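Peer 1: Just coords_34.txt, nothing more (compact mmCIF, C-alpha atoms):
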```txt
# COMPACT_ATOMS: atom_id res chain seq x y z
CA MET A 1378 -183.61 -201.40 -9.74
CA ASP A 1379 -181.65 -203.80 -11.96
CA ILE A 1380 -180.36 -201.98 -15.06
CA LEU A 1381 -179.65 -205.14 -17.08
CA PRO A 1382 -183.16 -205.53 -18.57
CA LEU A 1383 -182.83 -201.98 -19.93
CA LEU A 1384 -179.40 -202.71 -21.43
CA TYR A 1385 -180.69 -205.87 -23.10
CA ALA A 1386 -183.75 -204.10 -24.50
CA GLU A 1387 -183.84 -202.99 -28.13
CA ARG A 1388 -183.92 -199.26 -27.31
CA THR A 1389 -180.55 -197.55 -26.67
CA THR A 1390 -180.35 -196.26 -23.09
CA LEU A 1391 -179.05 -192.89 -21.92
CA SER A 1392 -176.91 -192.48 -18.78
CA PHE A 1393 -174.62 -189.91 -17.18
CA GLU A 1394 -171.34 -189.87 -15.29
CA PHE A 1395 -170.43 -187.51 -12.44
CA PHE A 1396 -167.40 -187.04 -10.23
CA PRO A 1397 -167.45 -186.25 -6.50
CA PRO A 1398 -166.89 -182.51 -5.85
CA LYS A 1399 -164.10 -181.31 -3.56
CA ASP A 1400 -166.25 -179.15 -1.27
CA ASP A 1401 -169.79 -178.48 -0.03
CA ALA A 1402 -170.44 -175.75 -2.61
CA GLY A 1403 -169.50 -178.14 -5.40
CA SER A 1404 -171.74 -180.80 -3.89
CA GLU A 1405 -174.73 -178.47 -3.95
CA ASP A 1406 -174.02 -177.55 -7.58
CA LEU A 1407 -173.77 -181.22 -8.46
CA VAL A 1408 -177.08 -182.04 -6.80
CA GLY A 1409 -178.69 -179.30 -8.89
CA THR A 1410 -177.14 -180.79 -12.03
CA VAL A 1411 -178.35 -184.27 -11.10
CA HIS A 1412 -181.91 -183.07 -10.56
CA GLU A 1413 -181.83 -181.25 -13.90
CA LEU A 1414 -180.55 -184.28 -15.78
CA THR A 1415 -182.93 -186.76 -14.14
CA LYS A 1416 -185.69 -184.96 -16.05
CA LEU A 1417 -184.25 -186.73 -19.10
CA ASN A 1418 -185.16 -190.10 -17.54
CA PRO A 1419 -181.70 -191.72 -17.65
CA ALA A 1420 -181.39 -195.47 -17.23
CA PHE A 1421 -178.73 -194.86 -14.56
CA VAL A 1422 -176.03 -192.47 -13.41
CA SER A 1423 -172.53 -193.31 -12.17
CA VAL A 1424 -170.08 -191.65 -9.80
CA THR A 1425 -166.32 -191.89 -10.24
CA TYR A 1426 -163.74 -193.01 -7.68
CA GLY A 1427 -160.44 -191.17 -7.22
CA ALA A 1428 -157.07 -192.76 -7.94
CA GLY A 1429 -156.01 -195.05 -5.11
CA GLY A 1430 -159.36 -194.57 -3.37
CA THR A 1431 -158.71 -190.88 -2.69
CA THR A 1432 -162.41 -189.97 -3.02
CA ARG A 1433 -163.76 -193.04 -1.24
CA GLU A 1434 -165.99 -191.22 1.25
CA ARG A 1435 -166.96 -188.41 -1.12
CA THR A 1436 -167.98 -190.93 -3.77
CA ARG A 1437 -170.21 -192.74 -1.30
CA ASN A 1438 -171.70 -189.47 -0.01
CA VAL A 1439 -172.67 -188.45 -3.54
CA VAL A 1440 -174.12 -191.89 -4.25
CA GLN A 1441 -176.15 -191.82 -1.04
CA ARG A 1442 -177.54 -188.38 -1.78
CA ILE A 1443 -178.54 -189.21 -5.37
CA ILE A 1444 -180.28 -192.39 -4.19
CA LYS A 1445 -182.07 -190.46 -1.43
CA GLU A 1446 -183.21 -187.56 -3.61
CA THR A 1447 -183.98 -189.30 -6.93
CA CYS A 1448 -185.31 -192.61 -8.17
CA VAL A 1449 -182.46 -193.11 -10.66
CA PRO A 1450 -180.26 -196.23 -10.27
CA THR A 1451 -176.87 -194.98 -9.08
CA ILE A 1452 -173.65 -196.84 -9.78
CA PRO A 1453 -170.45 -196.18 -7.82
CA HIS A 1454 -167.10 -196.83 -9.47
CA LEU A 1455 -164.76 -199.00 -7.42
CA THR A 1456 -161.05 -199.59 -8.08
CA CYS A 1457 -158.54 -202.24 -7.09
CA ILE A 1458 -155.46 -200.21 -6.23
CA GLY A 1459 -154.61 -199.78 -2.56
CA HIS A 1460 -157.48 -201.82 -1.12
CA SER A 1461 -157.31 -204.99 0.95
CA GLU A 1462 -160.01 -207.65 0.81
CA GLU A 1463 -161.17 -206.53 4.26
CA GLU A 1464 -161.55 -202.92 3.10
CA MET A 1465 -163.33 -204.01 -0.04
CA THR A 1466 -165.80 -206.10 1.95
CA SER A 1467 -166.54 -203.08 4.14
CA ILE A 1468 -167.11 -200.87 1.08
CA LEU A 1469 -169.43 -203.41 -0.52
CA ASP A 1470 -171.33 -203.93 2.73
CA GLY A 1471 -171.90 -200.18 2.92
CA TYR A 1472 -173.17 -199.94 -0.63
CA ALA A 1473 -175.48 -202.90 -0.06
CA GLU A 1474 -176.95 -201.04 2.95
CA ASP A 1475 -177.36 -197.92 0.80
CA GLY A 1476 -179.47 -199.81 -1.73
CA VAL A 1477 -176.86 -199.86 -4.49
CA GLN A 1478 -177.59 -202.60 -7.02
CA THR A 1479 -174.68 -202.16 -9.45
CA ILE A 1480 -170.91 -201.60 -9.15
CA LEU A 1481 -168.52 -200.54 -11.91
CA ALA A 1482 -165.36 -202.55 -11.18
CA LEU A 1483 -162.10 -201.01 -12.42
CA ARG A 1484 -158.39 -201.57 -12.02
CA GLY A 1485 -157.85 -197.87 -11.42
CA ASP A 1486 -154.79 -195.65 -11.34
CA PRO A 1487 -152.14 -195.18 -8.63
CA PRO A 1488 -152.46 -192.12 -6.38
CA ARG A 1489 -151.30 -188.97 -8.19
CA ASN A 1490 -148.87 -188.16 -5.40
CA ASN A 1491 -147.33 -191.63 -5.70
CA PRO A 1492 -146.97 -192.52 -9.40
CA ASP A 1493 -144.40 -195.23 -8.54
CA TYR A 1494 -146.82 -196.97 -6.19
CA ASP A 1495 -145.77 -200.60 -5.61
CA ARG A 1496 -148.72 -202.89 -6.36
CA SER A 1497 -146.99 -206.10 -5.29
CA GLY A 1498 -148.81 -206.07 -1.95
CA ASP A 1499 -152.29 -205.32 -3.34
CA ASP A 1500 -154.93 -207.99 -2.88
CA PHE A 1501 -156.44 -207.13 -6.27
CA LYS A 1502 -154.03 -206.95 -9.19
CA TYR A 1503 -156.56 -206.74 -12.02
CA ALA A 1504 -160.16 -205.72 -12.51
CA SER A 1505 -160.98 -209.40 -13.10
CA ASP A 1506 -159.86 -210.10 -9.50
CA LEU A 1507 -162.25 -207.44 -8.24
CA VAL A 1508 -165.12 -208.79 -10.36
CA LYS A 1509 -164.53 -212.27 -8.94
CA PHE A 1510 -164.49 -210.89 -5.37
CA ILE A 1511 -167.70 -208.89 -5.82
CA LYS A 1512 -169.44 -211.96 -7.22
CA LYS A 1513 -168.80 -213.74 -3.92
CA HIS A 1514 -170.45 -210.98 -1.87
CA PRO A 1515 -173.81 -211.94 -0.31
CA HIS A 1516 -175.47 -208.95 -1.99
CA ASP A 1517 -176.17 -209.85 -5.61
CA PHE A 1518 -174.53 -206.87 -7.31
CA THR A 1519 -174.74 -206.35 -11.05
CA ILE A 1520 -171.17 -205.68 -12.20
CA GLY A 1521 -169.98 -203.40 -14.96
CA VAL A 1522 -166.44 -203.21 -16.31
CA ALA A 1523 -164.55 -200.76 -18.52
CA GLY A 1524 -163.94 -201.34 -22.22
CA PHE A 1525 -161.40 -199.64 -24.49
CA PRO A 1526 -162.52 -199.14 -28.11
CA GLU A 1527 -159.25 -197.38 -28.95
CA GLY A 1528 -157.19 -200.02 -27.16
CA HIS A 1529 -156.05 -200.29 -23.56
CA PRO A 1530 -153.18 -197.81 -23.00
CA GLY A 1531 -151.26 -200.38 -20.97
CA THR A 1532 -151.45 -203.18 -23.55
CA GLN A 1533 -149.97 -202.59 -26.99
CA ASN A 1534 -150.72 -206.15 -28.13
CA ARG A 1535 -154.37 -205.96 -29.20
CA LEU A 1536 -154.77 -209.76 -29.25
CA GLN A 1537 -153.46 -210.02 -25.70
CA GLU A 1538 -155.70 -207.12 -24.72
CA MET A 1539 -158.82 -209.08 -25.63
CA ASP A 1540 -157.55 -212.10 -23.68
CA HIS A 1541 -157.20 -209.92 -20.60
CA PHE A 1542 -160.59 -208.38 -21.18
CA LYS A 1543 -162.30 -211.73 -21.58
CA ALA A 1544 -161.04 -212.65 -18.11
CA LYS A 1545 -163.33 -209.93 -16.70
CA ALA A 1546 -166.30 -211.33 -18.56
CA ASP A 1547 -165.47 -214.89 -17.56
CA GLU A 1548 -165.36 -213.90 -13.89
CA GLY A 1549 -168.91 -212.64 -14.12
CA ALA A 1550 -169.02 -209.09 -15.52
CA ASP A 1551 -172.58 -208.28 -16.60
CA TYR A 1552 -172.02 -205.32 -18.93
CA ILE A 1553 -169.31 -203.08 -20.39
CA CYS A 1554 -169.07 -199.29 -20.26
CA THR A 1555 -166.44 -197.96 -22.63
CA GLN A 1556 -163.89 -195.24 -22.18
CA LEU A 1557 -164.50 -192.18 -24.32
CA PHE A 1558 -163.86 -192.31 -28.06
CA PHE A 1559 -164.59 -189.96 -30.96
CA ASP A 1560 -164.83 -192.28 -33.96
CA ASN A 1561 -167.75 -194.70 -34.03
CA HIS A 1562 -165.79 -197.07 -36.24
CA ASP A 1563 -163.65 -197.81 -33.19
CA PHE A 1564 -166.75 -198.74 -31.18
CA VAL A 1565 -168.23 -200.98 -33.87
CA ASP A 1566 -164.88 -202.73 -34.39
CA TYR A 1567 -164.48 -203.20 -30.64
CA ARG A 1568 -167.97 -204.67 -30.33
CA GLU A 1569 -167.26 -207.11 -33.15
CA ARG A 1570 -163.95 -208.15 -31.57
CA CYS A 1571 -165.80 -208.80 -28.30
CA GLU A 1572 -168.25 -211.03 -30.17
CA LEU A 1573 -165.39 -212.92 -31.81
CA ALA A 1574 -163.84 -213.44 -28.36
CA GLY A 1575 -167.10 -214.89 -27.03
CA ILE A 1576 -167.98 -211.80 -24.96
CA ASN A 1577 -171.72 -211.39 -25.36
CA ILE A 1578 -172.81 -208.82 -22.78
CA PRO A 1579 -174.25 -205.32 -23.37
CA ILE A 1580 -171.76 -202.61 -24.33
CA VAL A 1581 -172.53 -199.01 -23.32
CA ALA A 1582 -170.68 -196.37 -25.37
CA GLY A 1583 -168.90 -193.59 -23.47
CA VAL A 1584 -169.14 -190.18 -25.17
CA MET A 1585 -167.46 -186.93 -24.11
CA PRO A 1586 -168.63 -183.68 -25.74
CA ILE A 1587 -165.76 -181.28 -26.53
CA THR A 1588 -166.76 -177.76 -25.48
CA THR A 1589 -163.38 -176.00 -25.20
CA ILE A 1590 -159.98 -176.38 -26.85
CA SER A 1591 -158.28 -176.31 -23.44
CA GLY A 1592 -160.56 -179.13 -22.31
CA MET A 1593 -159.61 -181.19 -25.34
CA LYS A 1594 -155.91 -180.65 -24.62
CA ARG A 1595 -156.36 -181.74 -20.99
CA MET A 1596 -158.23 -184.80 -22.22
CA ALA A 1597 -155.36 -185.64 -24.55
CA ASP A 1598 -152.98 -185.53 -21.58
CA LEU A 1599 -155.19 -187.57 -19.25
CA ALA A 1600 -156.68 -190.13 -21.62
CA GLU A 1601 -153.60 -191.85 -23.03
CA GLY A 1602 -154.04 -193.04 -26.57
CA SER A 1603 -157.20 -191.03 -27.29
CA ARG A 1604 -157.57 -190.32 -31.00
CA PHE A 1605 -159.05 -187.07 -32.22
CA PRO A 1606 -160.25 -187.82 -35.77
CA ALA A 1607 -159.85 -185.33 -38.59
CA ALA A 1608 -163.63 -184.87 -38.79
CA LEU A 1609 -163.68 -183.52 -35.22
CA LEU A 1610 -160.58 -181.37 -35.65
CA ARG A 1611 -162.01 -179.93 -38.88
CA VAL A 1612 -165.17 -178.59 -37.23
CA LEU A 1613 -163.21 -177.19 -34.30
CA ILE A 1614 -160.73 -175.43 -36.60
CA LYS A 1615 -163.64 -174.03 -38.59
CA ALA A 1616 -165.03 -172.54 -35.38
CA GLY A 1617 -161.87 -170.44 -35.06
CA ASP A 1618 -161.22 -168.64 -31.78
CA ASP A 1619 -164.88 -168.07 -30.94
CA PRO A 1620 -165.63 -169.96 -27.67
CA LYS A 1621 -169.36 -170.12 -28.45
CA ALA A 1622 -168.72 -171.50 -31.92
CA ILE A 1623 -166.25 -174.06 -30.53
CA ARG A 1624 -168.74 -175.16 -27.92
CA GLN A 1625 -171.54 -175.50 -30.46
CA ALA A 1626 -169.28 -177.40 -32.86
CA GLY A 1627 -168.40 -179.85 -30.08
CA ILE A 1628 -172.04 -180.31 -29.09
CA ASP A 1629 -173.07 -180.87 -32.69
CA TYR A 1630 -170.28 -183.42 -33.22
CA ALA A 1631 -171.22 -185.33 -30.07
CA THR A 1632 -174.90 -185.28 -31.07
CA GLU A 1633 -174.06 -186.71 -34.49
CA GLN A 1634 -171.81 -189.30 -32.87
CA CYS A 1635 -174.60 -190.35 -30.49
CA GLN A 1636 -177.13 -190.59 -33.31
CA GLY A 1637 -174.72 -192.84 -35.18
CA LEU A 1638 -174.41 -195.07 -32.12
CA ILE A 1639 -178.19 -195.27 -31.84
CA ASP A 1640 -178.36 -196.24 -35.51
CA GLN A 1641 -175.73 -198.93 -34.79
CA LYS A 1642 -177.96 -200.19 -31.96
CA ALA A 1643 -175.48 -199.58 -29.15
CA SER A 1644 -176.86 -200.91 -25.87
CA GLY A 1645 -176.46 -197.50 -24.29
CA ILE A 1646 -174.86 -194.06 -24.50
CA HIS A 1647 -173.04 -192.87 -21.39
CA LEU A 1648 -172.34 -189.13 -21.42
CA TYR A 1649 -169.38 -187.82 -19.43
CA THR A 1650 -171.01 -184.68 -18.04
CA LEU A 1651 -168.11 -183.03 -16.14
CA ASN A 1652 -170.86 -182.28 -13.58
CA LYS A 1653 -172.62 -179.83 -15.91
CA SER A 1654 -176.11 -180.19 -17.33
CA ARG A 1655 -176.46 -177.69 -20.18
CA GLY A 1656 -174.48 -179.39 -22.95
CA THR A 1657 -175.73 -182.83 -21.94
CA THR A 1658 -179.33 -181.62 -22.01
CA GLU A 1659 -178.87 -180.09 -25.46
CA ILE A 1660 -177.55 -183.38 -26.85
CA ALA A 1661 -180.29 -185.47 -25.26
CA LYS A 1662 -183.08 -183.19 -26.48
CA GLN A 1663 -181.77 -183.24 -30.04
CA LEU A 1664 -181.74 -187.03 -29.90
CA ARG A 1665 -185.23 -187.05 -28.37
CA PHE A 1666 -184.43 -189.42 -25.54
```
Take the structure in this file and express it as structure tokens.

Peer 2:
Amino acid sequence: MDILPLLYAERTTLSFEFFPPKDDAGSEDLVGTVHELTKLNPAFVSVTYGAGGTTRERTRNVVQRIIKETCVPTIPHLTCIGHSEEEMTSILDGYAEDGVQTILALRGDPPRNNPDYDRSGDDFKYASDLVKFIKKHPHDFTIGVAGFPEGHPGTQNRLQEMDHFKAKADEGADYICTQLFFDNHDFVDYRERCELAGINIPIVAGVMPITTISGMKRMADLAEGSRFPAALLRVLIKAGDDPKAIRQAGIDYATEQCQGLIDQKASGIHLYTLNKSRGTTEIAKQLRF
């Protein structure tokens, strides 16, 4: 199923992101989560891809199983780093055989065990190169790319950042899925800057509910440049040291953020689930998706 008609429709879509588990037990838990969340009738779900292709097979296995056991369009992430054109063709051929209709094309990160990875020999230097390559594949994939409402961590020059981003759109990207953010003003400003740059494709907003203080601290370490606005910090501080109160404060904040995005007519809301269904379900039910 092609997701683009849904993203161009007036109604804001709902979608979820998962990551491939490390073992069989985790895979079974994830399948249970997927089945629970498909009751919410998401427009699509996506599955992440480890740095340097480290979860290549596990990502595909999860994608295959979701496609087999549900009717929800399933989107694998695919990254540039460490892949030759030959390998990329093989990966795309496999996904075409699996019935995948959409790919999320990303630059990606170097392998964690090799942070000084030399990219000079890579066939794909930028996500725009990967978009261009996928467009040439015989299977007519819809292509999503990542957007950065808070700014790309690798590009301090915000004007240059939009030039780089427009290259992805010009090569044929069909929609944008943003990295997480916590202030809707950043999303609205980003969408307007895309319009000014001549980028007129649907933008899906990535939202991550905060449910623990430790999780927020890990996020701050992993997501370079993420801003935690005072409004969010205020409700978390008010919750004190009570884990249940912190969790509920985070859920309530994310719900309010999502409602604001719906009011702003975002093309879609993409919830980063961390492979758990409870908090995501609570948010979706409050929003009456």

Peer 1: Determine, using only C-alpha atoms, which residues of region 1620-1661 of chain A have any atom at most 10 Å from an atom of region 1410-1425 of chain A, and tabulate each with its shortest atom pair and distance in Å to one decimal place, rows ordered by chain and then rising number, as a Markdown table.

Peer 2:
```
| residue | atom | partner | partner_atom | distance |
| --- | --- | --- | --- | --- |
| A:Gly1645 | CA | A:Ala1420 | CA | 8.8 |
| A:Ile1646 | CA | A:Ala1420 | CA | 9.9 |
| A:His1647 | CA | A:Val1422 | CA | 8.5 |
| A:Leu1648 | CA | A:Val1422 | CA | 9.4 |
| A:Tyr1649 | CA | A:Ser1423 | CA | 9.6 |
| A:Thr1650 | CA | A:Thr1410 | CA | 9.4 |
| A:Asn1652 | CA | A:Thr1410 | CA | 6.6 |
| A:Lys1653 | CA | A:Thr1410 | CA | 6.0 |
| A:Ser1654 | CA | A:Thr1410 | CA | 5.4 |
| A:Arg1655 | CA | A:Thr1410 | CA | 8.7 |
| A:Thr1657 | CA | A:Leu1414 | CA | 8.0 |
| A:Thr1658 | CA | A:Leu1414 | CA | 6.9 |
| A:Ala1661 | CA | A:Leu1417 | CA | 7.4 |
```

Peer 1: Would you mind listing what lies within 9 Å of Gln1625 (chain A) as a ChimeraX atom specification, with all atoms listed in the file counted and same-chain residues fewer than 6 positions away left out?

Peer 2: /A:1588,1616,1656

Peer 1: I'd like the contact shell of Ala1631 (chain A) - 9 Å cut-off, only C-alpha atoms, skipping same-chain residues fewer than 3 positions apart - returned as a PyMOL selection string.

Peer 2: chain A and resi 1559+1584-1587+1626-1628+1634-1636+1660

Peer 1: Taking C-alpha atoms for each residue, export the selection above as an mmCIF file, keeping the file's coordinate frame.

Peer 2:
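Okay, out_21.cif is ready:
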```
data_model
loop_
_atom_site.group_PDB
_atom_site.id
_atom_site.type_symbol
_atom_site.label_atom_id
_atom_site.label_comp_id
_atom_site.auth_asym_id
_atom_site.auth_seq_id
_atom_site.Cartn_x
_atom_site.Cartn_y
_atom_site.Cartn_z
ATOM 1 C CA PHE A 1559 -164.590 -189.960 -30.960
ATOM 2 C CA VAL A 1584 -169.140 -190.180 -25.170
ATOM 3 C CA MET A 1585 -167.460 -186.930 -24.110
ATOM 4 C CA PRO A 1586 -168.630 -183.680 -25.740
ATOM 5 C CA ILE A 1587 -165.760 -181.280 -26.530
ATOM 6 C CA ALA A 1626 -169.280 -177.400 -32.860
ATOM 7 C CA GLY A 1627 -168.400 -179.850 -30.080
ATOM 8 C CA ILE A 1628 -172.040 -180.310 -29.090
ATOM 9 C CA GLN A 1634 -171.810 -189.300 -32.870
ATOM 10 C CA CYS A 1635 -174.600 -190.350 -30.490
ATOM 11 C CA GLN A 1636 -177.130 -190.590 -33.310
ATOM 12 C CA ILE A 1660 -177.550 -183.380 -26.850
#
```

Peer 1: Pick out the residues sitting within 9 Å of Thr1389 (chain A), and hand them over as an mmCIF file with C-alpha atoms, in the frame of the given file; count all atoms listed in the file, and ignore anything fewer than 4 positions along from it in its own chain.

Peer 2:
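Contents of around-v1.cif, as written:
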```cif
data_model
loop_
_atom_site.group_PDB
_atom_site.id
_atom_site.type_symbol
_atom_site.label_atom_id
_atom_site.label_comp_id
_atom_site.auth_asym_id
_atom_site.auth_seq_id
_atom_site.Cartn_x
_atom_site.Cartn_y
_atom_site.Cartn_z
ATOM 1 C CA LEU A 1383 -182.830 -201.980 -19.930
ATOM 2 C CA LEU A 1384 -179.400 -202.710 -21.430
ATOM 3 C CA VAL A 1581 -172.530 -199.010 -23.320
ATOM 4 C CA LEU A 1638 -174.410 -195.070 -32.120
ATOM 5 C CA ILE A 1639 -178.190 -195.270 -31.840
ATOM 6 C CA LYS A 1642 -177.960 -200.190 -31.960
ATOM 7 C CA ALA A 1643 -175.480 -199.580 -29.150
ATOM 8 C CA SER A 1644 -176.860 -200.910 -25.870
ATOM 9 C CA GLY A 1645 -176.460 -197.500 -24.290
ATOM 10 C CA ILE A 1646 -174.860 -194.060 -24.500
#
```

Peer 1: Please, what distance in Å, to one decimal, runs between CA of Pro1620 (chain A) and CA of Thr1589 (chain A)?

Peer 2: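 Going from CA of Pro1620 (chain A) over to CA of Thr1589 (chain A) covers 6.9 Å.
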
Peer 1: For region 1647-1665 of chain A, I'd like the enclosing box, axis-aligned and padded by 8 Å on every side, reported as AutoDock Vina command-line options with centre and edge lengths in Å to one decimal.

Peer 2:
```
--center_x -176.7 --center_y -185.3 --center_z -21.8 --size_x 33.1 --size_y 31.2 --size_z 32.5
```

Peer 1: Dump as a tab-separated table the rows for residues of region 1556-1597 of chain A within 6 Å of region 1504-1526 of chain A: closest atom pair and distance in Å with one decimal, all atoms listed in the file counted, ordered by chain and rising residue number.

Peer 2:
```
residue	atom	partner	partner_atom	distance
A:Gln1556	CA	A:Phe1525	CA	5.6
A:Asp1563	CA	A:Pro1526	CA	5.4
A:Phe1564	CA	A:Pro1526	CA	5.2
A:Tyr1567	CA	A:Pro1526	CA	5.2
```

Peer 1: Of the candidates A:Phe1542, A:Tyr1630, A:Phe1393, A:Tyr1503, which one gets nearest to Ala1574 (chain A) if we count all atoms listed in the file?

Peer 2: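 Comparing A:Phe1542, A:Tyr1630, A:Phe1393, A:Tyr1503 against Ala1574 (chain A), the winner is A:Phe1542.
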
Peer 1: May I ask for the distance between CA of Gly1429 (chain A) and CA of Arg1489 (chain A), given in Å to one decimal place?

Peer 2: 8.3 Å

Peer 1: I want to know what sits within 10 Å of Gly1575 (chain A), based on all atoms listed in the file, with residues of the same chain fewer than 4 positions away left out; could you give that as a PDB file with C-alpha atoms, keeping the file's coordinate frame?

Peer 2:
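This is the output file part27.pdb:
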```pdb
ATOM      1  CA  LYS A1543    -162.300-211.730 -21.580  1.00  0.00           C
ATOM      2  CA  ALA A1546    -166.300-211.330 -18.560  1.00  0.00           C
ATOM      3  CA  ASP A1547    -165.470-214.890 -17.560  1.00  0.00           C
ATOM      4  CA  GLU A1569    -167.260-207.110 -33.150  1.00  0.00           C
ATOM      5  CA  ARG A1570    -163.950-208.150 -31.570  1.00  0.00           C
ATOM      6  CA  CYS A1571    -165.800-208.800 -28.300  1.00  0.00           C
TER       7      CYS A1571
END
```

Peer 1: For each of A:Ala1550, A:Ala1608, A:Gln1641, A:Glu1464, take the minimum atom-to-atom distance to Asp1566 (chain A), counting only C-alpha atoms, then give the residue where this is smallest.

Peer 2: A:Gln1641

Peer 1: Just give me the gap between CA of Leu1483 (chain A) and CA of Leu1455 (chain A) in Å, one decimal is fine.

Peer 2: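 Pair CA of Leu1483 (chain A) / CA of Leu1455 (chain A) returns 6.0 Å.
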
Peer 1: So, counting all atoms listed in the file, which residue among A:Leu1609, A:Val1565, A:Leu1573, A:Cys1554 is closest to Met1539 (chain A)?

Peer 2: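 When distances to Met1539 (chain A) are compared using all atoms listed in the file, the smallest one comes from A:Leu1573.
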
Peer 1: Residues within 12 Å of Val1408 (chain A), please, as an MDAnalysis selection string. Count all atoms listed in the file; anything in the same chain fewer than 6 positions from it doesn't count.

Peer 2: chainID A and resid 1395:1398 1401:1402 1414:1415 1438:1447 1652:1654
